[in-house]
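Shown here: protein16.cif, mmCIF, C-alpha atoms.
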```
data_protein
#
loop_
_atom_site.label_atom_id
_atom_site.label_comp_id
_atom_site.auth_asym_id
_atom_site.auth_seq_id
_atom_site.Cartn_x
_atom_site.Cartn_y
_atom_site.Cartn_z
CA MET X 1 -5.37 80.30 124.11
CA ALA X 2 -3.67 78.57 126.97
CA TRP X 3 -4.79 81.06 129.61
CA VAL X 4 -8.45 80.62 128.75
CA ARG X 5 -8.08 76.93 129.42
CA THR X 6 -6.36 77.72 132.71
CA ALA X 7 -9.22 79.92 133.74
CA LEU X 8 -11.76 77.23 132.87
CA GLU X 9 -9.86 74.53 134.68
CA ILE X 10 -9.50 76.76 137.69
CA GLN X 11 -13.22 77.36 137.67
CA GLN X 12 -13.86 73.64 137.58
CA LEU X 13 -11.41 72.99 140.37
CA GLY X 14 -12.96 75.80 142.34
CA GLY X 15 -16.44 74.42 141.79
CA GLU X 16 -15.47 71.09 143.28
CA ALA X 17 -13.55 72.64 146.10
CA GLU X 18 -16.42 74.80 147.18
CA VAL X 19 -18.35 71.68 148.21
CA PHE X 20 -15.78 71.10 150.93
CA ASP X 21 -14.65 74.60 151.64
CA GLU X 22 -17.03 77.13 153.04
CA ASP X 23 -14.58 79.96 153.00
CA GLY X 24 -15.19 81.08 149.39
CA ASP X 25 -13.23 84.33 149.64
CA GLU X 26 -10.01 82.65 150.53
CA MET X 27 -10.57 80.18 147.70
CA ARG X 28 -11.04 82.97 145.20
CA LEU X 29 -7.80 84.54 146.35
CA LEU X 30 -6.00 81.27 145.83
CA GLN X 31 -7.57 80.90 142.39
CA ARG X 32 -6.34 84.34 141.45
CA ASP X 33 -2.88 83.48 142.70
CA TRP X 34 -2.86 80.28 140.71
CA GLN X 35 -4.08 82.02 137.59
CA LEU X 36 -1.46 84.75 137.83
CA SER X 37 1.26 82.24 138.42
CA MET X 38 0.21 80.19 135.38
CA GLU X 39 -0.01 83.28 133.21
CA LYS X 40 3.48 84.13 134.34
CA ARG X 41 4.66 80.66 133.32
CA ILE X 42 3.11 81.07 129.87
CA LYS X 43 4.73 84.48 129.44
CA GLU X 44 8.10 83.16 130.57
CA GLY X 45 7.81 80.31 128.12
CA TYR X 46 6.77 82.68 125.36
CA VAL X 47 9.73 84.99 125.91
CA ASP X 48 12.16 82.07 125.97
CA GLY X 49 10.48 80.66 122.87
CA ILE X 50 10.85 83.89 120.93
CA GLU X 51 14.50 84.10 121.83
CA ALA X 52 15.19 80.50 120.88
CA GLY X 53 13.23 80.88 117.63
CA LYS X 54 15.14 83.98 116.66
CA GLU X 55 18.44 82.34 117.45
CA ASN X 56 17.46 79.39 115.29
CA SER X 57 16.44 81.31 112.22
CA LEU X 58 18.51 84.49 112.25
CA GLN X 59 21.56 82.86 110.67
CA THR X 60 19.50 80.98 108.07
CA GLY X 61 17.73 84.20 107.16
CA PHE X 62 21.01 86.08 107.01
CA ASN X 63 22.58 83.49 104.69
CA PHE X 64 19.60 83.61 102.38
CA GLY X 65 19.47 87.40 102.27
CA TYR X 66 23.23 87.62 101.83
CA LYS X 67 23.11 85.47 98.70
CA VAL X 68 20.32 87.54 97.23
CA GLY X 69 22.25 90.74 97.96
CA VAL X 70 25.62 89.60 96.61
CA ASN X 71 24.21 88.19 93.39
CA LEU X 72 21.92 91.10 92.73
CA LEU X 73 24.51 93.82 93.22
CA LYS X 74 27.70 92.35 91.78
CA HIS X 75 26.75 93.07 88.17
CA TYR X 76 25.96 96.68 88.91
CA GLY X 77 29.20 96.85 90.88
CA GLU X 78 31.02 95.59 87.81
CA LEU X 79 29.51 98.36 85.71
CA LYS X 80 30.65 100.82 88.38
CA GLY X 81 34.18 99.40 88.21
CA ILE X 82 34.22 99.77 84.42
CA LEU X 83 33.11 103.39 84.69
CA SER X 84 35.73 104.07 87.38
CA ALA X 85 38.49 102.53 85.28
CA LEU X 86 37.49 104.48 82.16
CA LEU X 87 37.32 107.68 84.21
CA ALA X 88 40.76 107.08 85.72
CA TRP X 89 42.13 106.33 82.26
CA CYS X 90 40.70 109.57 80.81
CA GLN X 91 42.08 111.58 83.73
CA LEU X 92 45.49 109.95 83.42
CA HIS X 93 45.70 110.91 79.76
CA LYS X 94 44.36 114.37 80.54
CA THR X 95 42.27 114.30 77.40
CA LYS X 96 38.63 113.85 76.61
CA ASP X 97 37.33 116.21 79.27
CA ALA X 98 33.80 115.87 77.94
CA ALA X 99 34.01 112.11 78.36
CA SER X 100 35.37 112.51 81.91
CA GLY X 101 32.44 114.70 82.85
CA LYS X 102 29.95 112.27 81.40
CA LEU X 103 31.58 109.27 83.10
CA HIS X 104 31.53 111.08 86.41
CA GLU X 105 27.86 111.85 85.96
CA LEU X 106 27.08 108.21 85.14
CA LEU X 107 28.99 107.04 88.21
CA THR X 108 26.97 109.35 90.44
CA SER X 109 23.68 108.12 88.97
CA LEU X 110 24.76 104.52 89.34
CA ASP X 111 25.63 105.12 93.00
CA GLN X 112 22.17 106.53 93.57
CA CYS X 113 20.54 103.54 91.87
CA GLU X 114 22.56 101.20 94.03
CA GLU X 115 21.49 102.97 97.20
CA GLN X 116 17.90 102.71 96.05
CA ILE X 117 18.23 98.97 95.36
CA VAL X 118 19.71 98.35 98.82
CA LYS X 119 16.90 100.38 100.39
CA ASP X 120 14.23 98.50 98.42
CA LEU X 121 15.82 95.17 99.26
CA SER X 122 15.88 95.98 102.95
CA SER X 123 12.28 97.16 103.05
CA PHE X 124 11.21 94.15 101.03
CA TYR X 125 12.34 91.89 103.86
CA LYS X 126 11.12 94.21 106.57
CA GLY X 127 7.52 93.95 105.46
CA ALA X 128 5.33 90.89 105.11
CA GLN X 129 6.69 88.59 102.48
CA PRO X 130 4.66 87.09 99.70
CA SER X 131 6.11 83.70 100.62
CA ASP X 132 4.80 84.06 104.18
CA LEU X 133 1.35 84.81 102.87
CA LEU X 134 1.63 81.90 100.49
CA HIS X 135 2.35 79.50 103.32
CA CYS X 136 -0.89 80.62 104.97
CA VAL X 137 -2.86 80.22 101.77
CA GLU X 138 -1.32 76.82 101.23
CA ASP X 139 -2.19 75.79 104.76
CA MET X 140 -5.76 76.59 103.95
CA ALA X 141 -5.39 74.33 100.90
CA LEU X 142 -6.80 77.02 98.67
CA ILE X 143 -4.08 76.77 96.06
CA SER X 144 -2.01 73.95 94.71
CA HIS X 145 1.74 73.95 94.29
CA GLU X 146 1.31 74.55 90.58
CA HIS X 147 -0.28 77.90 91.22
CA ARG X 148 2.30 78.79 93.76
CA CYS X 149 4.89 78.99 91.01
CA GLU X 150 3.03 81.80 89.37
CA LEU X 151 2.81 83.74 92.59
CA ASN X 152 6.53 83.51 93.06
CA GLU X 153 8.60 85.39 95.55
CA PRO X 154 11.19 87.46 93.73
CA GLY X 155 13.80 85.03 95.09
CA SER X 156 13.16 82.75 92.18
CA CYS X 157 13.19 83.62 88.55
CA ALA X 158 10.14 84.61 86.67
CA GLY X 159 9.57 83.03 83.31
CA SER X 160 11.08 79.61 83.88
CA ARG X 161 8.95 77.26 85.91
CA ASN X 162 11.80 74.92 86.75
CA CYS X 163 13.32 77.52 88.99
CA CYS X 164 10.25 77.57 91.19
CA THR X 165 10.88 74.11 92.58
CA SER X 166 14.03 75.15 94.37
CA GLN X 167 12.47 78.27 95.77
CA ASP X 168 13.49 79.28 99.27
CA SER X 169 15.13 75.97 100.13
CA ASN X 170 18.75 76.96 100.54
CA GLY X 171 18.92 79.49 97.81
CA SER X 172 21.90 78.02 96.00
CA SER X 173 20.21 76.94 92.81
CA THR X 174 17.60 79.65 92.86
CA PHE X 175 20.11 82.36 92.24
CA ARG X 176 21.59 80.94 89.12
CA CYS X 177 18.74 82.65 87.39
CA MET X 178 18.90 86.24 88.35
CA ASN X 179 15.83 88.15 89.15
CA THR X 180 15.16 91.81 89.16
CA ASN X 181 11.80 91.77 90.86
CA TYR X 182 13.35 93.44 93.88
CA ILE X 183 14.16 96.48 91.79
CA SER X 184 11.56 99.16 91.19
CA ASP X 185 10.59 100.08 87.63
CA SER X 186 12.02 103.57 87.84
CA THR X 187 15.38 102.21 89.03
CA LYS X 188 15.36 99.64 86.21
CA GLU X 189 14.80 102.39 83.67
CA GLU X 190 17.62 104.44 85.15
CA LEU X 191 19.99 101.44 85.11
CA CYS X 192 19.19 100.76 81.45
CA LYS X 193 19.89 104.36 80.62
CA ILE X 194 23.22 104.26 82.46
CA PHE X 195 24.25 101.07 80.68
CA LYS X 196 23.39 102.42 77.23
CA GLU X 197 25.15 105.71 77.86
CA THR X 198 28.23 103.91 79.16
CA LEU X 199 28.41 102.05 75.87
CA LEU X 200 28.00 105.30 73.92
CA VAL X 201 30.81 107.02 75.83
CA ALA X 202 33.04 103.95 75.52
CA GLU X 203 32.52 103.84 71.76
CA GLN X 204 33.77 107.43 71.50
CA LEU X 205 36.92 106.64 73.45
CA ASP X 206 39.93 105.24 71.71
CA ILE X 207 39.68 101.78 73.24
CA SER X 208 40.12 98.28 71.89
CA ALA X 209 37.28 96.28 70.35
CA GLU X 210 37.97 93.66 72.99
CA LEU X 211 37.18 96.11 75.79
CA LEU X 212 34.01 97.25 74.06
CA TYR X 213 32.98 93.62 73.74
CA TYR X 214 33.63 93.08 77.46
CA ILE X 215 31.34 95.99 78.36
CA GLN X 216 28.65 94.66 76.04
CA THR X 217 28.80 91.21 77.66
CA LEU X 218 27.54 92.75 80.91
CA ASN X 219 24.20 92.52 79.17
CA ASN X 220 24.37 88.79 78.48
CA THR X 221 22.12 86.07 79.83
CA GLU X 222 24.11 85.56 83.03
CA SER X 223 23.63 89.13 84.05
CA PRO X 224 20.50 90.78 85.36
CA LEU X 225 20.86 93.67 82.95
CA ILE X 226 19.18 91.69 80.19
CA GLN X 227 16.20 91.08 82.42
CA LEU X 228 15.83 94.81 82.66
CA LYS X 229 14.97 94.54 78.95
CA CYS X 230 17.42 97.24 78.01
CA MET G 1 -4.35 55.87 145.66
CA GLU G 2 -3.12 55.91 142.07
CA GLY G 3 -5.72 58.46 141.11
CA THR G 4 -4.51 60.82 143.80
CA ASP G 5 -0.93 60.46 142.58
CA ASP G 6 -2.03 61.41 139.07
CA LEU G 7 -3.83 64.45 140.40
CA PHE G 8 -0.74 65.68 142.24
CA ASP G 9 1.36 64.91 139.21
CA ASP G 10 -1.00 67.00 137.12
CA ILE G 11 -0.72 69.93 139.50
CA ILE G 12 3.03 69.71 139.69
CA MET G 13 3.38 69.30 135.93
CA CYS G 14 0.97 72.16 135.27
CA GLU G 15 3.59 74.86 135.50
CA GLN G 16 5.79 72.94 133.12
CA ARG G 17 2.92 72.39 130.71
CA TYR G 18 1.87 76.05 130.56
CA ARG G 19 5.44 77.11 130.22
CA GLY G 20 5.79 74.69 127.32
CA GLU G 21 2.69 76.02 125.61
CA GLY G 22 3.97 79.56 125.85
CA TYR G 23 7.33 78.41 124.58
CA GLU G 24 5.84 76.79 121.47
CA GLU G 25 3.88 79.93 120.65
CA GLY G 26 6.97 82.08 121.13
CA LEU G 27 9.17 79.72 119.16
CA ALA G 28 6.99 79.94 116.06
CA GLU G 29 6.84 83.70 116.26
CA GLY G 30 10.55 84.02 116.99
CA ASN G 31 11.37 81.80 114.04
CA SER G 32 9.56 83.94 111.54
CA ALA G 33 10.71 87.22 113.10
CA GLY G 34 14.32 86.03 113.16
CA GLU G 35 14.16 84.84 109.59
CA SER G 36 12.94 88.11 108.18
CA GLU G 37 15.30 90.11 110.37
CA GLY G 38 18.18 87.92 109.24
CA LYS G 39 17.20 88.23 105.59
CA GLN G 40 17.04 91.98 105.92
CA TYR G 41 20.53 92.31 107.43
CA GLY G 42 21.94 89.65 105.15
CA ALA G 43 20.59 91.30 102.02
CA VAL G 44 22.08 94.68 102.92
CA TYR G 45 25.42 93.20 103.93
CA GLY G 46 25.52 90.97 100.85
CA ALA G 47 24.58 93.84 98.58
CA ARG G 48 27.51 95.94 99.84
CA MET G 49 29.84 92.99 99.45
CA GLY G 50 28.58 92.17 95.94
CA SER G 51 28.82 95.76 94.84
CA GLU G 52 32.36 96.15 96.15
CA LEU G 53 33.60 92.91 94.61
CA GLY G 54 31.86 93.57 91.31
CA CYS G 55 33.42 96.99 91.25
CA TYR G 56 36.93 95.59 91.68
CA LEU G 57 36.30 93.01 88.98
CA GLY G 58 35.00 95.58 86.50
CA PHE G 59 37.85 97.92 87.34
CA ALA G 60 40.58 95.30 86.98
CA SER G 61 39.09 93.73 83.83
CA THR G 62 38.80 97.13 82.15
CA TRP G 63 42.35 98.16 83.02
CA ARG G 64 43.61 94.79 81.85
CA LEU G 65 42.13 95.55 78.42
CA LEU G 66 43.21 99.20 78.42
CA LEU G 67 46.86 98.29 78.86
CA VAL G 68 48.62 97.50 75.61
CA PRO G 69 50.82 94.46 75.86
CA ALA G 70 54.34 95.78 75.71
CA SER G 71 57.76 94.36 75.95
CA ASP G 72 58.99 96.48 78.86
CA ASP G 73 59.10 95.01 82.35
CA ARG G 74 56.95 97.62 84.07
CA GLN G 75 54.03 97.05 81.75
CA ARG G 76 54.40 93.30 82.12
CA ARG G 77 54.36 93.58 85.91
CA LYS G 78 51.18 95.67 85.79
CA ILE G 79 49.46 93.12 83.59
CA LYS G 80 50.60 90.31 85.85
CA ALA G 81 49.24 92.09 88.94
CA LEU G 82 45.91 92.74 87.22
CA ASP G 83 45.66 89.11 86.11
CA SER G 84 46.30 87.90 89.63
CA LEU G 85 43.70 90.32 91.06
CA ILE G 86 41.10 89.12 88.53
CA ALA G 87 41.91 85.49 89.42
CA MET G 88 41.57 86.26 93.14
CA ILE G 89 38.13 87.78 92.64
CA ARG G 90 36.96 84.98 90.36
CA ASN G 91 38.12 82.28 92.79
CA PHE G 92 36.51 84.00 95.77
CA HIS G 93 33.34 82.24 96.96
CA SER G 94 31.64 85.52 97.64
CA ASP G 95 28.12 84.21 97.90
CA ASP G 96 28.81 81.84 100.78
CA PRO G 97 28.56 83.76 104.06
CA THR G 98 29.56 80.63 105.99
CA ASN G 99 32.99 80.63 104.33
CA PRO G 100 35.39 80.99 107.28
CA ASN G 101 37.96 82.80 105.12
CA LEU G 102 35.48 85.38 103.86
CA GLN G 103 36.94 88.36 105.75
CA GLU G 104 40.52 87.30 105.18
CA ASP G 105 40.04 86.74 101.44
CA MET G 106 38.26 90.05 101.15
CA ALA G 107 41.10 91.81 102.96
CA ASN G 108 43.60 90.21 100.57
CA ILE G 109 41.60 91.38 97.57
CA ARG G 110 41.42 94.93 98.95
CA GLY G 111 45.16 94.88 99.50
CA LYS G 112 45.74 93.72 95.94
CA VAL G 113 43.47 96.47 94.59
CA LYS G 114 45.53 99.05 96.50
CA GLN G 115 48.73 97.59 95.12
CA VAL G 116 47.41 97.58 91.55
CA CYS G 117 46.22 101.19 91.87
CA SER G 118 49.61 102.36 93.04
CA MET G 119 51.36 100.43 90.24
CA LEU G 120 49.05 102.07 87.71
CA ASN G 121 49.59 105.38 89.51
CA ILE G 122 45.88 106.15 89.73
CA GLN G 123 43.43 107.23 92.39
CA PRO G 124 40.27 105.23 91.74
CA ASP G 125 36.98 107.02 92.10
CA PHE G 126 34.93 104.19 93.57
CA GLN G 127 32.71 106.50 95.59
CA ILE G 128 32.02 103.82 98.15
CA ASN G 129 29.25 105.00 100.39
CA PRO G 130 30.34 106.13 103.90
CA SER G 131 27.79 103.77 105.45
CA ALA G 132 29.71 100.88 103.95
CA LYS G 133 32.94 102.01 105.59
CA GLY G 134 33.47 98.67 107.31
CA LEU G 135 33.59 96.96 103.95
CA SER G 136 35.70 99.39 102.04
CA PHE G 137 39.28 100.44 102.32
#
```

Let me see whether you can do it: turn the structure in this file into structure tokens.
Amino acid sequence: MAWVRTALEIQQLGGEAEVFDEDGDEMRLLQRDWQLSMEKRIKEGYVDGIEAGKENSLQTGFNFGYKVGVNLLKHYGELKGILSALLAWCQLHKTKDAASGKLHELLTSLDQCEEQIVKDLSSFYKGAQPSDLLHCVEDMALISHEHRCELNEPGSCAGSRNCCTSQDSNGSSTFRCMNTNYISDSTKEELCKIFKETLLVAEQLDISAELLYYIQTLNNTESPLIQLKC
Amino acid sequence: MEGTDDLFDDIIMCEQRYRGEGYEEGLAEGNSAGESEGKQYGAVYGARMGSELGCYLGFASTWRLLLVPASDDRQRRKIKALDSLIAMIRNFHSDDPTNPNLQEDMANIRGKVKQVCSMLNIQPDFQINPSAKGLSF
């Protein structure tokens, strides 16, 4: 603590000064003045430092978070678009009222899931991050890099160790492997249910095999849906 | 004499030194606070963007496959518009927030979606959340 050192130095200075100065009271007043002024300098520096630090890292943090958000949500958005298109198609043909009702219901549930994911994502970054804790543990040299991979932040993919190496650098390669660790188990279950029911409704509609195949491919390796283990 | 100079230097530099120490402490704290604050805002903003774009892609791709290729001009125009919308979304570097054309490209995509919807004569039910108003049309 810088101010403790100030206090000590002031004491030392004061000790020497007292040999020459008999007016101790005045000296103490000056010491106090000096101390306050130095504390003020430290505080000023601290405030400026915080501001500069925030300015430095806010954009980097934003870019990182943005990539996580875009890549996590676009597949669920795609499912939403499919449901919207099927619903509009059913309404346009004024048939299949049962299907319309079901599609509408699925859309509402999917919207709720999405809101929940955004909320979880936001609170994940609000709180202390596992990566922050890891840096501390690493500083203490308690764990090696090898172990760090197992304690991964959700920003990198679980399962494949290679992904861990690029963790948190600039995010570009990390996100090729999608992760669903940000999503709570109950939301994952709900998303799986929505996906399966979408397929069921689609199969009952008079649509082409090609379209059915497109909906099924939402659950391929590129998409996070497969990691939900639907 | 030199020793005295050093002493005065020390006293004069003191303010600077303490200020610097405070600054370093603040800088480290500000860095980590700014990073997590930035991540938080970025994640929410990116999530809205990803969801909106994904939605347009799913919507356009599905309609593209719902439409039966026909010989009449109107149908062909619809298919052409859908194809160009899908291409616009696929070519859009959505996950780069430093892309200077991000807002402009997004506005173009939204415009194309509107155009496609009116060509298809449908009112899409995207149910975009009111809190995402700035990102939706």

Q: Apply the PyMOL selection byres ((chain X and resi 44-59) around 12) to the structure shown and report the selected residues as a PyMOL selection string.
A: (chain X and resi 2+37-43+60-66) or (chain G and resi 15-42+97-98)

(Q) Please expand the PyMOL selection byres ((chain G and resi 62) around 10) into the concrete residues it hits in this file, giving the result as a list of chain:residue names. (A)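 On this input, the PyMOL selection byres ((chain G and resi 62) around 10) captures X:Glu78, X:Gly81, X:Ile82, X:Leu83, X:Ser84, X:Ala85, X:Leu86, X:Trp89, X:Glu210, X:Leu211, X:Leu212, X:Tyr214, X:Ile215, G:Tyr56, G:Leu57, G:Gly58, G:Phe59, G:Ala60, G:Ser61, G:Trp63, G:Arg64, G:Leu65, G:Leu66, G:Leu67, G:Leu82.
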
Q: Work out how far atom CA of G:Phe92 is from atom CA of G:Asn108, in Å to one decimal.
A: 10.6 Å

Q.
So, with only C-alpha atoms as the atoms that count, which of X:Phe195, X:Tyr182, X:Tyr213, X:Tyr76 lies closest to X:Asp120?
A.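 With only C-alpha atoms as the atom set, the closest residue is X:Tyr182.
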
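When atom CA of X:Gly69 is paired with atom CA of G:Val44, their separation reads 6.3 Å.
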
Q: Would you mind telling me which residue in G:Met49, G:Asp10, G:Leu120, G:Ala87 lies nearest to G:Gln75 when using all atoms listed in the file?
A: G:Leu120

**Q.** Result set of the PyMOL selection byres ((chain G and resi 109) around 10) on the coordinates above, as a ChimeraX atom specification
**A.** /G:53,56,84-86,88-89,92,103-108,110-115

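Using all atoms listed in the file, the nearest neighbour of chain X within the list G:Ser51, G:Ser94, G:Asn101, G:Gln123 is G:Ser51.
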
Q) Of the candidates G:Cys55, G:Ala43, G:Met119, G:Val68, which shows the shortest atom-to-atom distance to X:Leu79, using all atoms listed in the file? A)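 Of G:Cys55, G:Ala43, G:Met119, G:Val68, the one nearest X:Leu79 is G:Cys55, counting all atoms listed in the file.
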
Q: Have a look at X:Ala88, X:Ala98, X:Leu110, X:Leu36 and name the one nearest to chain G; count all atoms listed in the file.
A: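 Once distances to chain G are computed over all atoms listed in the file, the minimum belongs to X:Ala88.
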
(Q) Quick check, in Å to one decimal: how far apart do atom CA of G:Ile79 and atom CA of G:Ile122 lie? (A)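 Going from atom CA of G:Ile79 over to atom CA of G:Ile122 covers 14.8 Å.
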
Q: Choose the residue, out of G:Lys78, G:Asp96, G:Asp73, G:Ile11, that has the smallest atom-to-atom separation from chain X; count only C-alpha atoms.
A: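 With only C-alpha atoms as the atom set, the closest residue is G:Asp96.
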